[in-house]
file data_29.txt (compact mmCIF, C-alpha atoms)
# COMPACT_ATOMS: atom_id res chain seq x y z
CA MET A 1 129.76 92.02 88.64
CA THR A 2 133.06 92.40 90.51
CA ASP A 3 133.48 91.66 94.23
CA PHE A 4 134.01 95.35 94.92
CA GLU A 5 130.80 96.34 93.13
CA ILE A 6 128.85 93.79 95.20
CA LEU A 7 130.49 95.12 98.36
CA LEU A 8 129.64 98.70 97.41
CA ARG A 9 126.00 97.81 96.76
CA LYS A 10 125.67 96.01 100.07
CA ALA A 11 127.16 99.06 101.78
CA GLY A 12 124.50 101.16 100.07
CA TYR A 13 126.71 103.69 98.31
CA SER A 14 126.41 105.10 94.81
CA VAL A 15 129.70 105.99 93.10
CA PRO A 16 129.52 109.72 94.09
CA GLN A 17 128.59 108.79 97.66
CA ALA A 18 131.41 106.25 97.87
CA ALA A 19 133.91 108.78 96.52
CA GLU A 20 132.88 111.32 99.15
CA HIS A 21 132.73 108.79 102.00
CA LEU A 22 136.02 107.03 101.19
CA ASP A 23 137.82 110.23 100.16
CA TYR A 24 138.81 108.92 96.73
CA SER A 25 137.95 110.26 93.28
CA GLU A 26 135.03 108.84 91.35
CA GLY A 27 137.59 107.65 88.80
CA HIS A 28 139.20 105.47 91.47
CA ILE A 29 135.83 104.01 92.43
CA TYR A 30 134.96 103.17 88.81
CA ARG A 31 138.34 101.50 88.25
CA TRP A 32 137.81 99.37 91.36
CA ILE A 33 134.32 98.45 90.16
CA ARG A 34 135.66 97.42 86.74
CA GLY A 35 138.47 95.43 88.36
CA GLU A 36 141.18 97.54 86.71
CA GLU A 37 142.75 98.36 90.09
CA ARG A 38 142.56 96.73 93.50
CA PRO A 39 141.29 98.95 96.34
CA ARG A 40 143.37 99.28 99.48
CA ASP A 41 142.73 96.71 102.18
CA GLY A 42 141.63 99.50 104.51
CA VAL A 43 138.81 100.45 102.12
CA ILE A 44 137.61 96.84 101.98
CA ARG A 45 137.75 96.47 105.78
CA LEU A 46 135.86 99.73 106.30
CA LEU A 47 133.02 98.72 103.97
CA GLU A 48 132.82 95.20 105.41
CA LEU A 49 132.67 96.62 108.94
CA GLU A 50 129.87 99.02 108.00
CA ILE A 51 127.89 96.18 106.42
CA GLN A 52 128.42 93.97 109.47
CA ASN A 53 127.28 96.71 111.83
CA ARG A 54 124.08 97.18 109.83
CA ARG A 55 123.14 93.51 109.71
CA LYS A 56 120.42 92.41 112.08
CA PRO A 57 120.98 89.31 114.21
CA ASP A 58 120.27 86.14 112.26
CA SER A 59 117.24 85.19 114.32
CA GLY A 60 113.52 85.65 114.29
CA SER A 61 110.28 84.26 115.59
CA PHE A 62 109.46 82.83 112.16
CA THR A 63 111.02 82.61 108.70
CA PHE A 64 109.74 83.96 105.40
CA ILE A 65 110.67 84.28 101.75
CA ASP A 66 110.36 87.53 99.79
CA LEU A 67 109.24 87.00 96.17
CA PHE A 68 108.95 89.77 93.56
CA ALA A 69 110.63 91.71 96.34
CA GLY A 70 111.10 95.12 94.72
CA ILE A 71 112.96 97.26 97.23
CA GLY A 72 111.86 95.27 100.26
CA GLY A 73 108.68 96.93 101.50
CA LEU A 74 107.02 93.64 102.45
CA ARG A 75 110.26 92.46 104.02
CA LYS A 76 110.36 95.52 106.28
CA ALA A 77 106.78 94.77 107.32
CA MET A 78 107.48 91.12 108.14
CA GLU A 79 110.73 91.88 109.94
CA GLY A 80 108.83 94.35 112.09
CA ALA A 81 106.62 91.45 113.20
CA GLY A 82 109.63 89.31 114.12
CA GLY A 83 110.20 87.49 110.84
CA ARG A 84 113.55 86.49 109.38
CA CYS A 85 114.01 86.49 105.61
CA VAL A 86 115.71 83.35 104.24
CA PHE A 87 115.30 83.87 100.49
CA THR A 88 114.77 86.82 98.14
CA SER A 89 113.84 86.95 94.47
CA GLU A 90 113.81 90.14 92.37
CA TRP A 91 114.72 90.38 88.69
CA ASP A 92 115.25 94.16 88.24
CA LYS A 93 118.93 95.06 88.70
CA TYR A 94 118.21 98.57 90.01
CA ALA A 95 115.70 97.29 92.55
CA GLN A 96 118.33 94.72 93.58
CA GLN A 97 120.76 97.58 94.14
CA THR A 98 118.38 99.38 96.51
CA TYR A 99 117.44 96.12 98.23
CA LEU A 100 121.07 95.18 98.87
CA ALA A 101 121.81 98.67 100.17
CA ASN A 102 119.13 98.27 102.83
CA PHE A 103 119.29 94.53 103.52
CA PRO A 104 122.96 93.52 103.28
CA ASP A 105 122.45 89.74 103.50
CA ASN A 106 125.21 87.18 103.20
CA ARG A 107 123.24 85.45 100.43
CA PRO A 108 122.68 86.71 96.89
CA ILE A 109 119.32 87.83 95.50
CA ALA A 110 117.80 85.31 93.11
CA GLY A 111 116.77 86.81 89.78
CA ASP A 112 113.93 85.48 87.63
CA ILE A 113 111.84 83.22 89.89
CA ARG A 114 110.80 81.16 86.86
CA GLU A 115 114.39 79.90 86.68
CA VAL A 116 114.54 78.87 90.36
CA GLU A 117 113.59 75.31 91.26
CA ALA A 118 111.29 75.06 94.28
CA ALA A 119 113.74 72.60 95.87
CA ALA A 120 116.45 75.28 95.80
CA ILE A 121 114.36 77.56 98.03
CA PRO A 122 114.83 77.08 101.80
CA ASP A 123 111.95 75.86 103.93
CA HIS A 124 110.00 78.76 105.38
CA ASP A 125 107.01 79.57 107.57
CA VAL A 126 105.54 82.35 105.43
CA LEU A 127 105.59 83.14 101.71
CA VAL A 128 105.41 86.86 100.95
CA ALA A 129 104.86 88.13 97.42
CA GLY A 130 103.79 91.31 95.68
CA PHE A 131 103.31 89.42 92.44
CA PRO A 132 103.31 91.59 89.28
CA CYS A 133 100.06 93.49 88.98
CA GLN A 134 100.22 94.98 85.48
CA PRO A 135 98.07 92.30 83.82
CA PHE A 136 95.33 92.88 86.38
CA SER A 137 95.38 96.66 86.79
CA ILE A 138 92.90 98.97 85.06
CA ALA A 139 95.70 100.89 83.34
CA GLY A 140 97.51 97.69 82.39
CA VAL A 141 94.39 96.08 80.93
CA SER A 142 93.52 99.20 78.91
CA LYS A 143 97.03 99.37 77.47
CA LYS A 144 97.11 95.70 76.54
CA ASN A 145 93.67 95.91 74.94
CA ALA A 146 94.80 98.89 72.86
CA LEU A 147 97.84 96.94 71.71
CA GLY A 148 95.77 93.85 70.94
CA ARG A 149 97.66 91.84 73.58
CA LEU A 150 96.34 89.28 76.02
CA HIS A 151 96.17 90.01 79.73
CA GLY A 152 95.41 88.34 83.04
CA PHE A 153 96.20 84.63 83.10
CA ASP A 154 96.49 84.61 79.30
CA ASP A 155 99.47 86.98 79.44
CA GLU A 156 102.53 84.81 78.84
CA THR A 157 104.97 87.23 80.38
CA GLN A 158 103.51 88.38 83.67
CA GLY A 159 100.11 86.86 84.31
CA THR A 160 101.56 83.39 84.68
CA LEU A 161 104.03 84.47 87.37
CA PHE A 162 101.28 83.81 89.89
CA PHE A 163 101.72 80.14 89.12
CA ASP A 164 105.29 80.36 90.43
CA VAL A 165 103.78 81.36 93.75
CA LEU A 166 101.54 78.30 93.52
CA ARG A 167 104.34 75.84 92.75
CA ILE A 168 106.41 77.11 95.69
CA LEU A 169 103.42 76.92 98.04
CA MET A 170 102.76 73.39 96.81
CA ALA A 171 106.37 72.29 97.31
CA HIS A 172 106.97 73.82 100.75
CA ARG A 173 103.52 74.08 102.34
CA PRO A 174 104.40 77.08 104.56
CA ALA A 175 102.13 77.91 107.48
CA ALA A 176 100.91 81.12 105.83
CA PHE A 177 101.24 83.49 102.94
CA LEU A 178 100.78 87.22 102.37
CA LEU A 179 100.08 88.44 98.84
CA GLU A 180 99.55 91.99 97.53
CA ASN A 181 98.06 93.30 94.31
CA VAL A 182 96.04 96.13 92.83
CA LYS A 183 92.43 96.66 93.89
CA ASN A 184 91.24 95.78 90.39
CA LEU A 185 92.42 92.19 90.77
CA LYS A 186 89.02 91.18 92.15
CA SER A 187 87.05 92.67 89.28
CA HIS A 188 89.42 91.79 86.43
CA ASP A 189 87.73 89.81 83.65
CA ARG A 190 84.38 90.08 85.49
CA GLY A 191 85.82 88.34 88.53
CA ARG A 192 87.04 85.28 86.68
CA THR A 193 90.74 86.03 87.31
CA PHE A 194 90.26 86.22 91.07
CA GLU A 195 88.08 83.12 91.03
CA VAL A 196 91.00 81.21 89.50
CA ILE A 197 93.29 82.56 92.23
CA ARG A 198 90.80 81.64 94.96
CA ARG A 199 90.19 78.15 93.57
CA LYS A 200 93.91 77.40 93.25
CA LEU A 201 94.73 78.56 96.77
CA GLU A 202 91.71 77.20 98.59
CA ASP A 203 90.41 74.20 96.66
CA ASP A 204 93.64 72.90 95.16
CA LEU A 205 96.16 73.76 97.89
CA GLY A 206 93.84 73.72 100.90
CA TYR A 207 94.67 77.13 102.37
CA THR A 208 92.04 79.26 104.08
CA LEU A 209 91.80 82.61 102.36
CA GLN A 210 90.86 86.09 103.53
CA THR A 211 91.08 89.33 101.56
CA ARG A 212 90.70 93.00 102.32
CA ILE A 213 91.11 96.15 100.25
CA ILE A 214 93.00 98.69 102.35
CA ASP A 215 93.63 102.36 101.63
CA ALA A 216 97.14 103.46 102.63
CA ALA A 217 95.63 106.85 103.62
CA HIS A 218 95.00 105.31 107.04
CA PHE A 219 98.77 105.46 107.58
CA VAL A 220 100.33 107.85 105.04
CA PRO A 221 99.02 110.96 103.22
CA GLN A 222 98.25 109.07 100.00
CA HIS A 223 95.14 107.37 98.66
CA ARG A 224 96.45 103.99 97.59
CA GLU A 225 94.01 101.09 97.63
CA ARG A 226 95.49 97.62 97.38
CA ILE A 227 94.09 94.17 97.88
CA VAL A 228 95.72 92.15 100.65
CA ILE A 229 95.40 88.37 100.44
CA VAL A 230 96.22 86.32 103.54
CA GLY A 231 96.12 82.54 103.70
CA PHE A 232 96.79 79.95 106.40
CA ARG A 233 97.51 76.26 105.99
CA GLU A 234 95.06 75.42 108.76
CA GLU A 235 92.02 77.06 110.30
CA VAL A 236 93.03 79.91 112.63
CA PRO A 237 90.97 82.78 114.11
CA PHE A 238 92.66 85.38 111.91
CA SER A 239 90.54 88.42 111.07
CA PHE A 240 91.29 91.66 109.26
CA ASP A 241 88.94 93.27 111.76
CA ASP A 242 91.76 93.02 114.33
CA MET A 243 93.73 95.70 112.49
CA HIS A 244 94.13 99.12 114.06
CA LEU A 245 93.38 101.54 111.23
CA PRO A 246 93.86 105.22 112.14
CA LEU A 247 91.41 107.67 110.63
CA ARG A 248 92.25 108.53 107.05
CA GLY A 249 93.73 111.99 106.89
CA HIS A 250 95.41 111.96 110.29
CA ARG A 251 98.65 112.36 108.34
CA VAL A 252 98.90 115.01 105.63
CA MET A 253 101.51 116.02 103.09
CA ARG A 254 103.15 118.42 105.50
CA ASP A 255 104.30 115.38 107.47
CA ILE A 256 106.40 114.07 104.58
CA LEU A 257 107.52 117.22 102.74
CA HIS A 258 110.95 118.72 103.33
CA PRO A 259 110.46 121.51 105.91
CA GLU A 260 112.99 123.76 104.11
CA ASN A 261 113.74 125.61 107.34
CA GLY A 262 117.00 124.04 108.48
CA LEU A 263 115.39 121.38 110.68
CA GLU A 264 116.88 118.65 108.51
CA GLU A 265 120.30 118.28 106.98
CA PRO A 266 120.74 118.73 103.21
CA GLU A 267 120.62 115.38 101.41
CA ARG A 268 122.39 114.60 98.15
CA HIS A 269 120.96 116.78 95.39
CA TYR A 270 117.43 116.70 96.84
CA THR A 271 117.91 119.63 99.21
CA VAL A 272 120.61 122.29 99.29
CA GLY A 273 121.98 125.11 101.43
CA GLY A 274 121.85 125.78 105.13
CA ASN A 275 118.07 125.55 105.29
CA ALA A 276 118.00 122.40 103.14
CA VAL A 277 115.58 123.87 100.62
CA VAL A 278 114.38 121.68 97.77
CA SER A 279 116.62 121.94 94.73
CA ASP A 280 115.30 123.95 91.78
CA LYS A 281 115.72 120.86 89.60
CA TYR A 282 112.39 119.58 90.96
CA THR A 283 110.49 122.74 89.92
CA LEU A 284 108.47 122.30 86.73
CA SER A 285 109.53 124.34 83.73
CA SER A 286 107.05 126.95 82.55
CA HIS A 287 106.61 124.99 79.32
CA LEU A 288 105.68 121.75 81.14
CA TRP A 289 103.44 123.55 83.64
CA ARG A 290 101.58 125.27 80.80
CA TYR A 291 101.19 121.95 78.97
CA LEU A 292 99.75 120.21 82.03
CA ARG A 293 97.26 123.01 82.66
CA ASP A 294 96.16 123.05 79.02
CA TYR A 295 95.85 119.25 79.02
CA ALA A 296 93.72 119.33 82.18
CA ALA A 297 91.50 122.10 80.79
CA LYS A 298 90.96 120.19 77.54
CA HIS A 299 89.82 117.05 79.34
CA LYS A 300 87.72 118.98 81.83
CA ALA A 301 85.84 120.54 78.92
CA LYS A 302 85.08 117.02 77.65
CA GLY A 303 83.80 115.98 81.06
CA ASN A 304 86.81 113.81 81.87
CA GLY A 305 88.70 113.85 85.14
CA PHE A 306 92.19 113.68 83.68
CA GLY A 307 94.64 116.27 84.91
CA PHE A 308 97.37 117.01 87.38
CA GLY A 309 97.10 116.65 91.14
CA LEU A 310 98.15 119.77 93.05
CA VAL A 311 98.81 119.37 96.78
CA ASP A 312 99.69 121.61 99.69
CA GLY A 313 100.67 120.83 103.26
CA ASP A 314 97.13 119.91 104.29
CA SER A 315 96.44 117.55 101.38
CA ILE A 316 96.24 113.82 100.93
CA ALA A 317 97.87 112.90 97.64
CA ARG A 318 96.74 110.75 94.79
CA THR A 319 98.38 107.37 94.26
CA LEU A 320 102.10 107.59 93.52
CA SER A 321 102.69 105.61 90.33
CA ALA A 322 105.76 104.09 88.71
CA ARG A 323 105.41 106.66 85.90
CA TYR A 324 106.00 109.55 88.29
CA TYR A 325 109.44 110.09 86.74
CA LYS A 326 107.83 111.24 83.47
CA ASP A 327 106.25 114.53 84.58
CA GLY A 328 105.17 114.06 88.21
CA SER A 329 101.70 115.22 87.27
CA GLU A 330 99.75 113.08 89.77
CA ILE A 331 101.42 114.75 92.76
CA LEU A 332 102.68 118.33 92.32
CA VAL A 333 103.55 120.45 95.32
CA SER A 334 102.07 123.94 95.18
CA ARG A 335 104.53 126.79 95.71
CA GLY A 336 102.04 129.63 95.55
CA LYS A 337 100.61 131.54 92.62
CA ARG A 338 103.89 133.20 91.66
CA ARG A 339 105.99 130.04 91.42
CA ASN A 340 105.62 126.90 89.36
CA PRO A 341 104.85 123.74 91.37
CA ARG A 342 107.46 121.07 91.90
CA ARG A 343 107.75 117.32 91.91
CA LEU A 344 108.36 115.37 95.07
CA THR A 345 111.97 114.46 95.74
CA PRO A 346 112.82 110.74 95.98
CA ARG A 347 113.16 111.14 99.76
CA GLU A 348 109.64 112.56 99.95
CA CYS A 349 108.41 109.64 97.84
CA ALA A 350 110.07 107.26 100.30
CA ARG A 351 108.29 108.96 103.20
CA LEU A 352 105.00 108.88 101.29
CA MET A 353 105.36 105.10 101.06
CA GLY A 354 106.15 104.79 104.77
CA TYR A 355 109.93 104.30 104.60
CA ASP A 356 111.91 106.02 107.35
CA ASP A 357 114.77 108.38 106.60
CA GLU A 358 117.33 105.65 107.34
CA PHE A 359 116.26 103.93 104.12
CA ARG A 360 119.04 104.27 101.58
CA ILE A 361 118.38 105.47 98.03
CA PRO A 362 121.51 104.57 96.01
CA VAL A 363 119.95 104.89 92.54
CA SER A 364 119.12 107.73 90.16
CA ASP A 365 115.97 109.82 90.59
CA THR A 366 114.33 108.07 87.64
CA GLN A 367 114.90 104.62 89.12
CA ALA A 368 113.91 105.82 92.61
CA TYR A 369 110.58 107.16 91.32
CA LYS A 370 109.88 103.84 89.58
CA GLN A 371 110.81 101.86 92.68
CA PHE A 372 108.71 103.81 95.16
CA GLY A 373 105.82 103.96 92.71
CA ASN A 374 105.91 100.16 92.47
CA SER A 375 106.38 99.63 96.19
CA VAL A 376 103.88 98.80 98.90
CA ALA A 377 102.96 101.28 101.60
CA VAL A 378 105.05 99.74 104.39
CA PRO A 379 102.86 100.66 107.42
CA VAL A 380 99.81 98.98 105.88
CA PHE A 381 101.58 95.65 105.64
CA ALA A 382 103.34 96.09 108.96
CA GLU A 383 99.89 96.17 110.53
CA VAL A 384 98.77 93.11 108.57
CA ALA A 385 101.96 91.28 109.62
CA ARG A 386 101.30 92.24 113.24
CA ILE A 387 97.90 90.57 113.31
CA MET A 388 99.21 87.56 111.34
CA ARG A 389 102.06 86.95 113.79
CA PRO A 390 100.24 85.09 116.62
CA HIS A 391 98.56 82.75 114.14
CA ILE A 392 101.84 82.07 112.33
CA LEU A 393 103.47 81.23 115.64
CA SER A 394 100.62 78.98 116.72
CA LEU A 395 100.96 76.92 113.54
CA THR A 396 104.76 76.74 113.62
CA GLU A 397 104.78 75.80 117.31
CA ASN A 398 102.22 73.08 116.72
CA GLN A 399 104.28 71.80 113.80
CA ALA A 400 107.43 71.76 115.93
CA GLU A 401 105.61 69.92 118.74
CA SER A 402 104.30 67.30 116.30
CA ALA A 403 107.80 66.79 114.94
CA ARG A 404 109.17 66.28 118.47
CA LYS A 405 106.53 63.64 119.20
CA VAL A 406 107.30 61.80 116.00
CA GLY A 407 111.01 61.98 116.77
call {"tool": "encode", "arguments": {"input": "data_29.txt", "output": "structure tokens"}}
result
Amino acid sequence: MTDFEILLRKAGYSVPQAAEHLDYSEGHIYRWIRGEERPRDGVIRLLELEIQNRRKPDSGSFTFIDLFAGIGGLRKAMEGAGGRCVFTSEWDKYAQQTYLANFPDNRPIAGDIREVEAAAIPDHDVLVAGFPCQPFSIAGVSKKNALGRLHGFDDETQGTLFFDVLRILMAHRPAAFLLENVKNLKSHDRGRTFEVIRRKLEDDLGYTLQTRIIDAAHFVPQHRERIVIVGFREEVPFSFDDMHLPLRGHRVMRDILHPENGLEEPERHYTVGGNAVVSDKYTLSSHLWRYLRDYAAKHKAKGNGFGFGLVDGDSIARTLSARYYKDGSEILVSRGKRRNPRRLTPRECARLMGYDDEFRIPVSDTQAYKQFGNSVAVPVFAEVARIMRPHILSLTENQAESARKVG
């Protein structure tokens, strides 16, 4: 990757966006990316200045590391509670692109965490990880069973990544950790998978452990149940009961859909024209709409619940999945009886996951759908981070005081 491509990613621009912003052709941008030409010094200075202006001060009440970071949902939650990120690991290059566009750090993103020695990771107060959930999810288990493959802790590709969390916890002994996974983690393999997790964290490493399954519908118009695992190195009076959970349904789809009435500016190819109406590209073709209806009718006749999810402004949506890019069937926006429904735009997906409109989306629609479908619902974890904060600080302050006495 050339220096200019890294700079462009940190600035959060795709090639078309950079061409428009810098007033150069896309051909120029691609030649600079490939290193075939050198961009003018003024272009470099402009991008560096924009990155510098977007960086947050290098301070925080506590430090944390962001493992299996995705596009940074857990980082946003911890930063909102006063945390400062000192290390990031994410292997997917497109997720890295979105992460860099929104968190333009001076340090690079580490790739495969299995290739990173624990000693190379900075000391930190909190370990944060949305460790890969496919081996533990209902859909993931069904698929692996059908293919005759192992899953859970027997899966050699993803199940064992949890042990990288363990080795880092063992090496650094941070004050706390925050882990996220699918609801099914607790019931996978008749509870044996979670019992291994609990035993490793509590019995082997000595952390206190608390868990809670939380539905994102308390904060966003989407039913999305995830297990939240919080651990502390020492006994603290942390309780999930201290969370403020608004009533589910207080936010509905109308709150995240494009208003299409001119109240927002057109954005990229998502919305067009003076009223910023959703582009026709997101409307389902008649062929696909007919297929989805026939598919739903067939399974309904068999007594199954498979089918599309149609929403209007007053709805709460199903869970947004990483496969949304395929046909969008789990969340289709109704456009009345005379028009085919449409998919959500990537910006609407961002809002559905609790990202504000300042969040940059520098990737293609396909990659954006995958990224938001794999993300956490940010407000859920912002609330968890909020109630963790005083206990993190109490442990880190006690540790600092003990170090001063020893010194």
call {"tool": "atom_distance", "arguments": {"input": "data_29.txt", "atom1": "atom CA of A:Asp365", "atom2": "atom CA of A:Tyr24"}}
result
23.7 Å
call {"tool": "closest_residue", "arguments": {"input": "data_29.txt", "among": "A:Arg114, A:His28, A:His223, A:Arg84", "to": "A:Val165", "atoms": "all atoms listed in the file"}}
result
A:Arg114
call {"tool": "atom_distance", "arguments": {"input": "data_29.txt", "atom1": "atom CA of A:Asn181", "atom2": "atom CA of A:Ile256"}}
result
24.6 Å
call {"tool": "residues_near_point", "arguments": {"input": "data_29.txt", "point": "(90.9, 84.9, 91.0)", "cutoff": "12 Å", "atoms": "all atoms listed in the file", "output": "NGL selection string"}}
result
:A and (136 or 152-153 or 159 or 162-163 or 181 or 184-202 or 209 or 211 or 227 or 229)
call {"tool": "closest_residue", "arguments": {"input": "data_29.txt", "among": "A:Arg335, A:Arg342, A:His172, A:Arg386", "to": "A:Phe240", "atoms": "all atoms listed in the file"}}
result
A:Arg386
call {"tool": "atom_distance", "arguments": {"input": "data_29.txt", "atom1": "atom CA of A:Lys76", "atom2": "atom CA of A:Pro390"}}
result
17.8 Å
call {"tool": "closest_residue", "arguments": {"input": "data_29.txt", "among": "A:Lys300, A:Arg343, A:Arg318, A:His244", "to": "A:Tyr282", "atoms": "all atoms listed in the file"}}
result
A:Arg343
call {"tool": "closest_residue", "arguments": {"input": "data_29.txt", "among": "A:Arg224, A:Lys370, A:Arg360, A:Arg75", "to": "A:Lys10", "atoms": "only C-alpha atoms"}}
result
A:Arg360
call {"tool": "closest_residue", "arguments": {"input": "data_29.txt", "among": "A:Met253, A:Ala350, A:Ala368, A:Ala276", "to": "A:Asp314", "atoms": "only C-alpha atoms"}}
result
A:Met253
call {"tool": "closest_atom_pairs", "arguments": {"input": "data_29.txt", "of": "stretch 207-307 of chain A", "to": "stretch 116-132 of chain A", "cutoff": "12 Å", "atoms": "only C-alpha atoms", "output": "tab-separated table"}}
result
residue	atom	partner	partner_atom	distance
A:Arg226	CA	A:Gly130	CA	10.6
A:Ile227	CA	A:Gly130	CA	10.3
A:Val228	CA	A:Gly130	CA	9.5
A:Ile229	CA	A:Ala129	CA	9.9
A:Val230	CA	A:Val128	CA	9.6
A:Gly231	CA	A:Val126	CA	9.6
A:Phe232	CA	A:Val126	CA	9.1
A:Arg233	CA	A:Val126	CA	10.1
call {"tool": "axis_aligned_box", "arguments": {"input": "data_29.txt", "around": "stretch 347-365 of chain A", "padding_each_side": "3 Å", "output": "JSON"}}
result
{"center_x": 113.3, "center_y": 108.2, "center_z": 98.8, "size_x": 22.5, "size_y": 14.6, "size_z": 23.2}
call {"tool": "residues_around", "arguments": {"input": "data_29.txt", "residues": "A:His391", "least_positions_apart": "5", "cutoff": "8 Å", "atoms": "only C-alpha atoms", "output": "PDB file with C-alpha atoms, keeping the file's coordinate frame"}}
result
ATOM      1  CA  VAL A 236      93.030  79.910 112.630  1.00  0.00           C
ATOM      2  CA  PRO A 237      90.970  82.780 114.110  1.00  0.00           C
ATOM      3  CA  PHE A 238      92.660  85.380 111.910  1.00  0.00           C
TER       4      PHE A 238
END
call {"tool": "closest_residue", "arguments": {"input": "data_29.txt", "among": "A:Ile109, A:Ile168, A:Leu332, A:Ala175", "to": "A:Gly70", "atoms": "only C-alpha atoms"}}
result
A:Ile109
call {"tool": "residues_around", "arguments": {"input": "data_29.txt", "residues": "A:Val376", "least_positions_apart": "5", "cutoff": "12 Å", "atoms": "only C-alpha atoms", "output": "ChimeraX atom specification"}}
result
/A:68-77,129-131,133,179-182,214-216,220,222,224-228,319-322,349-355,371,381-382
call {"tool": "residues_around", "arguments": {"input": "data_29.txt", "residues": "A:Trp289", "least_positions_apart": "4", "cutoff": "10 Å", "atoms": "all atoms listed in the file", "output": "PDB file with C-alpha atoms, in the coordinates of the input"}}
result
ATOM      1  CA  THR A 283     110.490 122.740  89.920  1.00  0.00           C
ATOM      2  CA  LEU A 284     108.470 122.300  86.730  1.00  0.00           C
ATOM      3  CA  SER A 285     109.530 124.340  83.730  1.00  0.00           C
ATOM      4  CA  ARG A 293      97.260 123.010  82.660  1.00  0.00           C
ATOM      5  CA  ASP A 294      96.160 123.050  79.020  1.00  0.00           C
ATOM      6  CA  TYR A 295      95.850 119.250  79.020  1.00  0.00           C
ATOM      7  CA  PHE A 308      97.370 117.010  87.380  1.00  0.00           C
ATOM      8  CA  ASP A 327     106.250 114.530  84.580  1.00  0.00           C
ATOM      9  CA  SER A 329     101.700 115.220  87.270  1.00  0.00           C
ATOM     10  CA  ASN A 340     105.620 126.900  89.360  1.00  0.00           C
ATOM     11  CA  PRO A 341     104.850 123.740  91.370  1.00  0.00           C
ATOM     12  CA  ARG A 342     107.460 121.070  91.900  1.00  0.00           C
TER      13      ARG A 342
END
